[in-house]
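Enquirer: Just dropping this structure here.
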Amino acid sequence: MTTTVPTIQDITQPVLAARLQHKLDNKTKPLGSLGRIESLAQRIALILGSETPELKAPQLVVFAGDHGLAARGVSAYTSDVTWQMVDNFLAGGAAVSVLARQHGIGLTVVDCGVRHDFAPRPGLVINKIAPGTADALEGPAMSATQCEAALANGVALVRGLPGNALLLGEMGIGNTSAASLLLARLAGLSVADCTGAGTGLDADAVQRKIGILRQVLARHPDARDPLAALAAFGGFEIATMVGAVLQAAAERRVIVVDGFIASAAVLVASALQPAVLQRCVFAHRSGERGHALMLAHLRAEPLLDLGLRLGEGSGAAMAWPLLMSACAILREMASFESAGVSRQDEVAATTPTQA
């Protein structure tokens with residue numbers, strides 16, 4: 001595959017990191033008492049290259065696409081739900097629509113390959129590669145050309161978005177299967193450990209799903225590098241998201257990663273360019289089986305663990321206020337010196353010793 005992948009530079013900055021740590025340590029609080037909010041503040045500041053980071057015009061993008069493998073019963077829902085939920089996003093009725101509205105986050109829905117023709121409307125970008133991927137049990141879900149086009153669409157999309165933060169969302173019946181396949185192949189894990197209930201399969205149906213996914217892996221034994229695996233297993237929405245992640249990372253945007261499917265896109269992107277992970281904030285640990293393994297493979301520590309498994313970018317939107325708080329603490333919280341408050345070590349030095 002001849003796709004040109006943006007080079008993502010290492011943004012390790014020891015001098016800035018030391019200044020940020022000193023700044024956090026000198027806020028009016030016991031040392032380290034804001035816990036992981038402090039490390040979150042430092043991560044965002046390093047991504048943006050500023051001691052006073054400010055998140056501007058956040059953009060949540062829901063990447064939507066259908067999967068040929070869904071016809072084999074790997075989901076509790078039919079593929080029609082994909083386009084119906086796209087309509088719901090655009091009408092403002094989905095969970096992610098509510099949360100984006102609540103937090104003032106821009107919401108864009110991208111038709112990457114939905115099996116439905118949408119009329120143009122505000123908030124919808126039509127980047128349809130095809131009406132759904134092919135059945136990965138019969139051949140590659142995407143051709144190399146289709147995969148390249150999806151990646152390029154993701155790159156172009158991000159170039160046209162305002163702001164300095166990208167929140168990842170997705171919609172596609174069957175896409176937990178694609179994510180499980182990518183995790184199993186790229187992380188070298190058992191597909192049984194990577195596969196869960198998705199949209200709500202019962203225990204017997206999960207076992208049938210695992211059996212189908214084992215057959216898919218066996219069907220594509222040579223799809224082992226990141227882009228070959230992506231093309232073999234799909235989907236169009238994941239491939240478009242990979243391109244978006246790579247471009248957002250190249251532009252040093254803060255990338256807020258939602259659940260299992262979004263993490264699968266980051267898995268592929270980081271396998272291509274490891275420094276992608278320096279730009280990522282992982283919103284939550286999904287209730288979907290396999291996500292904990294995905295996070296462990298990526299050495300990612302999520303902000304929330306609420307048993308969420310909705311997708312859409314809902315977890316990313318829920319975590320967003322924590323990012324805003326982290327930046328506000330770094331920018332606005334007083335230091336001991338500016339507030340005239342005695343530090344703990346100063347108090348200890350002036351306290352009389354008890355006889």
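Chains: A, B, ... in order of the structure tokens. Residues: from 1 per chain. Ligands: from 1, in order shown.
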Could you please write out, as a PyMOL selection string, every residue of segment 63-257 of chain A that DSSP assigns to alpha helix (DSSP H)?
Expert: chain A and resi 80-91+95-103+144-159+175-187+191-194+203-219+226-233+236-250
Enquirer: Counting only C-alpha atoms, give me one row per residue of segment 103-198 of chain A with an atom at most 8 Å from an atom of segment 311-317 of chain A, showing the shortest contact pair and its distance in Å to one decimal, sorted by chain then residue number, as a Markdown table.
Expert:
```
| residue | atom | partner | partner_atom | distance |
| --- | --- | --- | --- | --- |
| A:His103 | CA | A:Ala317 | CA | 7.7 |
| A:Leu167 | CA | A:Ala316 | CA | 6.2 |
| A:Leu168 | CA | A:Gly313 | CA | 5.6 |
| A:Gly169 | CA | A:Gly313 | CA | 3.6 |
| A:Glu170 | CA | A:Glu312 | CA | 4.8 |
| A:Met171 | CA | A:Glu312 | CA | 5.8 |
```
Enquirer: Which neighbours of Arg19 of chain A fall inside 12 Å, counting only C-alpha atoms, when residues of the same chain fewer than 4 positions from it are skipped, and could you give them as JSON, numbers by chain?
Expert: {"A": [13, 14, 15, 23, 24, 25, 26, 42, 45, 46, 49, 50, 51, 52, 330]}
Enquirer: Would you compute the distance between atom CA of Thr7 of chain A and atom CA of Arg43 of chain A? Give it in Å to one decimal.
Expert: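 So the two atoms, atom CA of Thr7 of chain A and atom CA of Arg43 of chain A, lie 20.3 Å apart.
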Enquirer: Taking 6 positions as the minimum chain separation for residues in the same chain, which residues sit within 7 Å of Ser286 of chain A when counting only C-alpha atoms? Answer as an MDAnalysis selection string.
Expert: chainID A and resid 259:260 307:309
